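Engineer: Pasting in a structure now, in C-alpha cells, and then I'll have a few things to ask.
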Amino acid sequence: MENYFLALAQVIDASLQAGERYTASYEAEQTDFVRMNRGKVRQPGSVSQRYIAVRLIRGKRHAKHVLSLTGNAAADADAIRTAVTGLRAALPELVDDPLLLLPTDVKSTRAIRGGPLPPAEQVIGEVLAAAHGTDLVGLYAGGPVWRGFANSEGQRNWHETTTFNLQWSLYFRADKAVKTGHAGFAWNNVAMTRKMTDARERLALISRPAKVLAPGKYRAYLAPSALEEIASLLCWGGFSGRALATKQSALARMQSGESLDARVSLTEDTASGVAPAFQSEGFARPAGVNLVDRGALVGSLVSPRTAREFGLPENGANGDEIPESLAMAGGMLAEKDALDALGTGLAIGNLHYLNYSDRPAGRMTGMTRFATFWVEEGRIVAPIDVLRFDDTVYRLLGSNLEALTTETELLLDSGTYQSRKLTSLKLPGALVGEMAFTL
Amino acid sequence: MPDADRLTLTDLPRLPAADFWSLRFVEEHCETYAVRKNVAMPFVASTDRGAMATVYIDGGYGYAATADTSPAGLRDALERAAHWARSTAKQALFDSKTLPRPAPRGEYTSPSFADRFPSRSEWYELLAQESVAAGCDPRIVDWEAAVDVRTAIHRLVTSTGGDVIQRYRFLLPGIAVTAHEGSVTQNRTLNGYRGLCQQGGTEVLARFGFVGGGRRVAEEALELLAAPNCPSGTMDVLLAPDQMILQIHESIGHPLELDRILGDERNFAGTSFVTPDMFGTYRYGSDLLNVTFDPTRPEELASYAFDDDGTRAERVHLIRAGILERPLGGAISQARAGISGVANSRADGWNRPPIDRMANLNLEPGDATMEDMIASIEHGVMMETNSSWSIDDSRNKFQFGCERGRRIENGKLGAVVKNPNYRGISANFWRSLKRVGNSDTLKVLGTPYCGKGEPSQVIRVGHATPACVFGNVDVFGGES
C-alpha cells in the first residue's frame, strides 16, 4: 500500500506545471465489519476504500479535490491527472487566499504498527462462544488503516496501523445492559474472554430491580468511559484556537478568569495516542501540546489557517482543531477505592448523547446509560433508571471535583463514520461531590 | 470505470450459486463554496464512486464494498460477500431464504436536475455579498455564508432482473454568525446548521430568502446579545418549523425505526420505548398529530422512488389522529418483525450496507394560522431554530435548546429571549400537542447529518412541518 501511495505521489509530481505546488493526503482502510444482535450475526461484510485529497497551489490560490480510488494504479493515475487538470482550470476563477500557510520544512516520517489479525470469522466465532446464552449486541471492526501525506517539496509521511475494535453490550432487558470494549493491535482471545466474564458478572448486578431516583443533586463517580463523553464534548470546539479566539468555545471563559480544579491537566498527547504524527496539510504534530495545566487554560489547538488569521503559532492541528489524542493526568485516588470514596451516590459507567445547554457557560446535558448504579456506603445496591444531568464543566471538573483516579485508561475511538477513526482519549475516573440531575 | 447510469448490464459479473445478489452503484460529486469573514475559503470538490455487493446464499447474508467497479473488482466483491454469507450462515440472526427478493425497475430524477448552476465565481460573488452584510457590526466576531452543491447517481441492479436508476441534485446553503459582547456569546443561523437542504437548483435559495439572509441573521444575533434569559417554568411553547424538525426527528423518527425496536442499535444509537405490540393501538399524541413517511414531495431532501433494497417508496401514515400505525422499517426488518413498514432501507454511500433510516418524515399541517396559535397562548414562549439536542437511548427523556425565543403573554408576541430550552418525555410530550399550524406555516427542511448504525452512517433526511403549540412544557433558560 505504501508503494502504491508513493507511486500516486509521483503521478502528481509529474502532472505539475511551472509555478504549481501540491499537497496530497491519503486515507485508506480494509475493514471487516461484523454486526451482531441477540448473540448472533446480524450483518457481516467487508469494506475496501481509498481516498486521496489533492490540493493544487499556484501563488496564493489553491483548490482541492477529494476522490475515491480503485486500487488499480493505472486507472487511479488517470483519475488523479484528470483531477489536477480540473483544479488547474478552477484556479483562475478563485481569488488569492490571505490565510494560506504551507510547511516550510520537509519532515518525512514513517510509522507502522500492528500485525496481521486472525480472520474475522474466527474472531466472531470466539466472541459468540464466550457470550453463549446472553443477549449480546455489538460490532467487530478490524483490519489495516493507512494514512499518508505527500507534497511537491518531497515530503512523504506514512502511518500504517492494523487494529481491531470490538464493542459489545450484554442486555438484561429494555435499556438495562452492560457495555464493554476490547480494542488493540493483536487479537487476544484470553483477554476478550476475561472481559466477557467480567461483563457477565456485572450483568447480574444490572438484573437487580432498578432504583428510580428523583431529579436532584447526587454525589457521583464517573468511570473513565463516562468521563469520555464529557471530554469528547469538550473536544467539540472547546480547545480550538479559532473557537477560543471567536468566543465560541465552551472554555472561552477560561481566557478571562474561570478555571477548573487544580488537579485537572489536559494535553494533546500525540506521543501516546494512535493518530498520525502529521496533519493533513503536512505539518508535523509535536509530541504533546499542553491545553490545561493545573486547572488553567494554557494552550489551544491551532491549525495553519487559524495561525495565519489570529497570529498564533500553528501546532499541527487539523482544520477542525479537535484533539485526536487528548490525555488527562491521573490523580491520587486509587481506582479500587473509588466506590469507598463515593460512599453513597451514583457510580456512572457510561453517559450518552451529550450536548451543550449553554455553551458559553460550559453547561452541558446528557443521559446516564448502561451500567450506572446506586451505591450506598461503598457497595453497589441497584442499577438506576436513566437520569438526565445538566451541569457545567466548571462545577463537574472544577468546584465540585473531589478526586481523580491514579490510573488512566486509554480509550481507542470506536467511531466508524465514513472511516475508522485513529483518535483516542486517555482518562482517569472522576469523583464529583455534587452533580445536577434534572429529569 | 463507466458511470453508474451508463453501465451495460451484460458486462456485469454473475453469481449463479447465490439465492439472490445485488450490486448498488453510487457516484456522488460535490462542490463546496464558502466565504468566512469576507475571505473566500478554499474551493473543495469531491468525487466518490463505488459499489456495494450484497449476497444471500445458504441462508446467510453478506456484503462487500469496493471502489473497483471493473468486472474483476465487482466479481471479487460478490465473492467476498458470498464468503461472508456462507461462513456466518449457521450463526445468522435470520434465514436469508425468508427475505424478499425484489426485482425493481424504474427511475427517479430530482427537480431541476439538468438546470445550469452558477459558475464558481458567481457562487463566490453571492456568498461574499451575504458575508459582507453579515459582518455589519464589530460585535459580530465570526460569520460565514456557504453552499454545498451535490449531485448523485444511484443504480441498483439485482439478480432477479431489477434495475433502478435514481439521479439526485441537492443544494445545501447556510449562513451562520456569532455575536459576542462582554461575557455573552450568541449564535444565529439561517434555519439551523445545514437546516436548509433540499433537492433542486437555485430555486432553493429563493425559497428561504437566502439573499438578504446575512443581514437578517446578524441583526437577530445582535438582538440576542441584549436579550434576557428565557424564563423558567411550566408553560405553553410555540415551536417554529426549524425546531419542530428536530422534535419530530428525535422523538418520533428514531423511536419508530424498526431496527431499533428489533434491538440492532442497542450497542450504539440505542433502543426504543416503542415496542412491536404498540402498532395499531398506541396513542402517540393528541388527535391533532398526523405523521407521514412521504418520499413523494419533490423538493424534500430524501425523496426517491425506491429505497436501497429495491422497495418502491410510497407515502403512508405512521401516526394518524394520534394513533401509532406503522414503523419505519424496510423489507428485511418487516420480514423479521412481521410488521408492515415503509421503503426506508438506506445506506449513506457505496461503502455502507442499508439499514432502517428516516427519509422524509413529515408532520401534516392542521388548520391554525400563526395568529391563531399566538392568540391561544396566555403564557408561553415561541422558540426558533434548534441549537442543542439530547435524548436518552430509548428516545424518551429529551432536552432541546433553540437559538431564539420570544415571550408570548396574553395572546401577544413579546420580547426576544436568549437560550430558550425545554425538556420533556416523548411518550407524554406529543399528547400535549394543542395546535397544529396550517400550510402557510409549513416549511420543508431537513438535515444531511442523521447519524446511526454499526458501522456508522450519516444520511440525508427531510422533514416538512408546520409550527405547533404544546401545553404544560418545562421551559428554562441559560446559566444565570
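Residue names in the C-alpha cells use chain letters A, B, ... in the order shown, residue numbers from 1 in each chain, and ligand numbers from 1 in the order shown.
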Quick one: contact table of stretch 220-330 of chain B to stretch 187-210 of chain B, 10 Å max, nearest atom pair and distance in Å to one decimal per residue, counting only C-alpha atoms, chain and number order, as a Markdown table?
Structural biologist:
```
| residue | atom | partner | partner_atom | distance |
| --- | --- | --- | --- | --- |
| B:Glu220 | CA | B:Arg188 | CA | 7.0 |
| B:Ala221 | CA | B:Arg188 | CA | 5.4 |
| B:Leu222 | CA | B:Arg188 | CA | 9.1 |
| B:Leu224 | CA | B:Asn187 | CA | 8.6 |
| B:Leu225 | CA | B:Asn187 | CA | 9.4 |
| B:Ala240 | CA | B:Asn191 | CA | 9.8 |
| B:Pro241 | CA | B:Asn191 | CA | 8.8 |
| B:Asp242 | CA | B:Asn191 | CA | 5.6 |
| B:Gln243 | CA | B:Asn191 | CA | 8.7 |
| B:Ile245 | CA | B:Gly195 | CA | 9.1 |
| B:Leu246 | CA | B:Gly195 | CA | 9.9 |
| B:Arg297 | CA | B:Gln199 | CA | 9.8 |
| B:Pro298 | CA | B:Gln199 | CA | 7.2 |
| B:Glu299 | CA | B:Gln199 | CA | 4.8 |
| B:Glu300 | CA | B:Gln198 | CA | 5.2 |
| B:Leu301 | CA | B:Gln198 | CA | 4.5 |
| B:Ala302 | CA | B:Gln199 | CA | 8.0 |
| B:Ser303 | CA | B:Gln199 | CA | 8.1 |
```
Engineer: Could the residues in this selection be written to a file with N, CA and C atoms, as a CSV table (one decimal), in the first residue's frame?
Structural biologist:
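For reference, result13.csv as written:
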```csv
chain,number,residue,atom,x,y,z
B,220,GLU,N,-30.4,39.6,14.2
B,220,GLU,CA,-31.1,38.8,15.2
B,220,GLU,C,-30.0,38.4,16.2
B,221,ALA,N,-28.8,38.1,15.8
B,221,ALA,CA,-27.8,37.7,16.8
B,221,ALA,C,-27.5,38.9,17.7
B,222,LEU,N,-27.4,40.1,17.1
B,222,LEU,CA,-27.1,41.3,18.0
B,222,LEU,C,-28.3,41.5,18.9
B,224,LEU,N,-30.1,39.2,20.2
B,224,LEU,CA,-30.0,38.2,21.3
B,224,LEU,C,-28.9,38.6,22.3
B,225,LEU,N,-27.9,39.3,21.9
B,225,LEU,CA,-26.8,39.7,22.9
B,225,LEU,C,-27.4,40.5,24.0
B,240,ALA,N,-41.4,26.8,16.2
B,240,ALA,CA,-41.3,27.1,14.8
B,240,ALA,C,-40.8,25.9,14.0
B,241,PRO,N,-41.1,25.8,12.7
B,241,PRO,CA,-40.7,24.6,11.9
B,241,PRO,C,-39.2,24.2,12.1
B,242,ASP,N,-38.3,25.2,12.2
B,242,ASP,CA,-36.9,24.9,12.3
B,242,ASP,C,-36.5,24.3,13.7
B,243,GLN,N,-37.4,24.3,14.6
B,243,GLN,CA,-37.3,23.5,15.8
B,243,GLN,C,-38.1,22.2,15.8
B,245,ILE,N,-38.6,20.3,13.4
B,245,ILE,CA,-38.0,19.2,12.6
B,245,ILE,C,-37.1,18.4,13.6
B,246,LEU,N,-36.5,19.0,14.5
B,246,LEU,CA,-35.7,18.3,15.5
B,246,LEU,C,-36.5,17.5,16.4
B,297,ARG,N,-42.6,14.2,-2.1
B,297,ARG,CA,-42.6,15.6,-2.2
B,297,ARG,C,-41.3,16.0,-2.9
B,298,PRO,N,-41.4,16.6,-4.1
B,298,PRO,CA,-40.2,16.7,-5.0
B,298,PRO,C,-39.0,17.4,-4.4
B,299,GLU,N,-39.3,18.5,-3.7
B,299,GLU,CA,-38.1,19.3,-3.2
B,299,GLU,C,-37.5,18.8,-1.9
B,300,GLU,N,-38.2,17.9,-1.3
B,300,GLU,CA,-37.7,17.4,0.0
B,300,GLU,C,-36.5,16.6,-0.1
B,301,LEU,N,-35.6,16.7,0.9
B,301,LEU,CA,-34.3,16.2,0.8
B,301,LEU,C,-34.2,14.7,0.5
B,302,ALA,N,-35.1,13.9,1.1
B,302,ALA,CA,-35.0,12.4,1.0
B,302,ALA,C,-36.1,11.8,0.2
B,303,SER,N,-36.5,12.5,-0.9
B,303,SER,CA,-37.5,11.9,-1.8
B,303,SER,C,-36.8,11.0,-2.8
```
Engineer: For chain B, work out the contacting residues on chain A at 6 Å, counting only C-alpha atoms, and write them as an mmCIF file with C-alpha atoms, in the first residue's frame.
Structural biologist:
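That gives us selection_36.cif:
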```cif
data_model
loop_
_atom_site.group_PDB
_atom_site.id
_atom_site.type_symbol
_atom_site.label_atom_id
_atom_site.label_comp_id
_atom_site.auth_asym_id
_atom_site.auth_seq_id
_atom_site.Cartn_x
_atom_site.Cartn_y
_atom_site.Cartn_z
ATOM 1 C CA ASN A 37 -27.564 -8.865 17.751
ATOM 2 C CA LYS A 40 -25.980 -13.932 16.549
ATOM 3 C CA VAL A 41 -24.592 -12.364 13.385
ATOM 4 C CA ARG A 42 -26.812 -9.616 12.027
ATOM 5 C CA PRO A 44 -21.262 -9.248 8.192
ATOM 6 C CA GLY A 45 -19.214 -7.599 5.487
ATOM 7 C CA SER A 46 -16.030 -6.040 4.225
ATOM 8 C CA VAL A 47 -15.215 -2.533 3.022
ATOM 9 C CA SER A 48 -12.203 -1.610 0.937
ATOM 10 C CA ALA A 63 -8.201 24.334 -4.621
ATOM 11 C CA LYS A 64 -8.721 20.750 -3.507
ATOM 12 C CA HIS A 65 -10.307 17.664 -4.987
ATOM 13 C CA VAL A 66 -11.057 14.640 -2.809
ATOM 14 C CA LEU A 67 -11.528 11.497 -4.853
ATOM 15 C CA SER A 68 -12.083 7.829 -4.258
ATOM 16 C CA THR A 70 -9.997 1.993 -7.148
ATOM 17 C CA GLU A 93 -11.874 31.675 -11.045
ATOM 18 C CA VAL A 137 -25.323 -6.870 20.568
ATOM 19 C CA GLY A 138 -22.308 -5.121 19.108
ATOM 20 C CA SER A 169 -23.310 -4.886 25.176
ATOM 21 C CA THR A 246 -14.077 33.985 18.408
ATOM 22 C CA TYR A 353 -25.851 11.873 23.891
ATOM 23 C CA ASP A 358 -25.451 26.816 27.424
ATOM 24 C CA MET A 367 -28.076 10.955 29.946
ATOM 25 C CA THR A 416 -16.790 4.411 12.096
ATOM 26 C CA TYR A 417 -18.498 7.357 10.403
#
```
Engineer: Return the single residue from A:Ala150, A:Asp97, A:Trp187, A:Phe283 that is closest to A:Ile124, with distances computed using only C-alpha atoms.
Structural biologist: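 The answer is A:Trp187, which sits nearest to A:Ile124.
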Engineer: List every residue of stretch 86-179 of chain A that DSSP, applied to the backbone of this structure, places in helix (DSSP H, G or I), and write the result as a list in words.
Structural biologist: Gly86, Leu87, Arg88, Ala89, Ala90, Leu91, Pro92, Glu93, Ala120, Glu121, Gln122, Val123, Ile124, Gly125, Glu126, Val127, Leu128, Ala129 and Ala130 of chain A
Engineer: Could the residues in this selection be written to a file with N, CA and C atoms, as a CSV table (one decimal), in the first residue's frame?
Structural biologist:
```csv
chain,number,residue,atom,x,y,z
A,86,GLY,N,-8.6,19.6,-13.7
A,86,GLY,CA,-9.8,20.3,-13.2
A,86,GLY,C,-9.4,21.4,-12.2
A,87,LEU,N,-8.6,21.1,-11.3
A,87,LEU,CA,-8.2,22.1,-10.3
A,87,LEU,C,-7.4,23.2,-11.0
A,88,ARG,N,-6.6,22.9,-12.0
A,88,ARG,CA,-5.9,23.9,-12.7
A,88,ARG,C,-6.9,24.9,-13.4
A,89,ALA,N,-7.9,24.3,-14.0
A,89,ALA,CA,-8.9,25.1,-14.6
A,89,ALA,C,-9.7,26.0,-13.6
A,90,ALA,N,-9.8,25.5,-12.4
A,90,ALA,CA,-10.6,26.2,-11.4
A,90,ALA,C,-9.8,27.5,-10.8
A,91,LEU,N,-8.5,27.4,-10.8
A,91,LEU,CA,-7.7,28.4,-10.1
A,91,LEU,C,-8.0,29.8,-10.6
A,92,PRO,N,-8.1,30.0,-11.9
A,92,PRO,CA,-8.3,31.4,-12.4
A,92,PRO,C,-9.6,32.0,-11.9
A,93,GLU,N,-10.6,31.2,-11.5
A,93,GLU,CA,-11.9,31.7,-11.0
A,93,GLU,C,-11.8,32.0,-9.6
A,120,ALA,N,-11.6,-12.6,10.6
A,120,ALA,CA,-12.8,-12.0,11.3
A,120,ALA,C,-13.8,-13.1,11.7
A,121,GLU,N,-13.9,-14.1,10.8
A,121,GLU,CA,-14.9,-15.2,11.1
A,121,GLU,C,-14.4,-15.9,12.3
A,122,GLN,N,-13.1,-16.1,12.5
A,122,GLN,CA,-12.6,-16.8,13.7
A,122,GLN,C,-12.9,-16.0,14.9
A,123,VAL,N,-12.6,-14.7,14.8
A,123,VAL,CA,-12.8,-13.8,16.0
A,123,VAL,C,-14.3,-13.8,16.4
A,124,ILE,N,-15.2,-13.8,15.4
A,124,ILE,CA,-16.6,-13.7,15.8
A,124,ILE,C,-17.0,-15.1,16.4
A,125,GLY,N,-16.5,-16.1,15.9
A,125,GLY,CA,-16.8,-17.4,16.5
A,125,GLY,C,-16.4,-17.5,18.0
A,126,GLU,N,-15.2,-16.9,18.3
A,126,GLU,CA,-14.8,-16.9,19.7
A,126,GLU,C,-15.6,-16.0,20.5
A,127,VAL,N,-16.0,-14.8,20.0
A,127,VAL,CA,-16.9,-13.9,20.7
A,127,VAL,C,-18.2,-14.5,21.0
A,128,LEU,N,-18.8,-15.1,20.0
A,128,LEU,CA,-20.2,-15.6,20.2
A,128,LEU,C,-20.1,-16.8,21.2
A,129,ALA,N,-19.0,-17.6,21.1
A,129,ALA,CA,-18.9,-18.7,22.0
A,129,ALA,C,-18.8,-18.2,23.5
A,130,ALA,N,-18.0,-17.2,23.7
A,130,ALA,CA,-17.8,-16.6,25.0
A,130,ALA,C,-19.1,-16.0,25.5
```
Engineer: Excluding same-chain residues fewer than 6 positions from B:Ala152, what lies within 9 Å of it counting only C-alpha atoms, as a list in words?
Structural biologist: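 Listing them by chain and then by number gives Val26, Glu27, Glu28, His29, Cys30, Gln166, Arg167, Tyr168, Arg169 and Phe170 of chain B.
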Engineer: Using C-alpha atoms, can you write the selected residues to a file as a compact mmCIF listing (two decimals), in the first residue's frame?
Structural biologist:
```
# COMPACT_ATOMS: atom_id res chain seq x y z
CA VAL B 26 -23.18 5.11 -6.03
CA GLU B 27 -21.49 8.15 -7.57
CA GLU B 28 -21.56 11.46 -5.76
CA HIS B 29 -19.99 14.73 -6.79
CA CYS B 30 -19.88 17.73 -4.51
CA GLN B 166 -32.03 7.47 -9.42
CA ARG B 167 -30.46 10.85 -10.18
CA TYR B 168 -30.32 13.44 -7.44
CA ARG B 169 -29.34 17.05 -7.12
CA PHE B 170 -29.06 18.61 -3.69
```
Engineer: How many Å separate atom CA of A:Asp198 from atom CA of A:Ala183?
Structural biologist: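 Atom-to-atom, atom CA of A:Asp198 to atom CA of A:Ala183, that is 15.9 Å.
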Engineer: Quote the spacing between atom CA of A:Gly114 and atom CA of A:Lys421 in Å to one decimal place.
Structural biologist: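 Between atom CA of A:Gly114 and atom CA of A:Lys421 the gap works out to 15.4 Å.
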Engineer: Which one of A:Ala250, A:Ala79, A:Met196, A:Ala307 sits closest to A:Tyr394 if you count only C-alpha atoms?
Structural biologist: A:Ala250
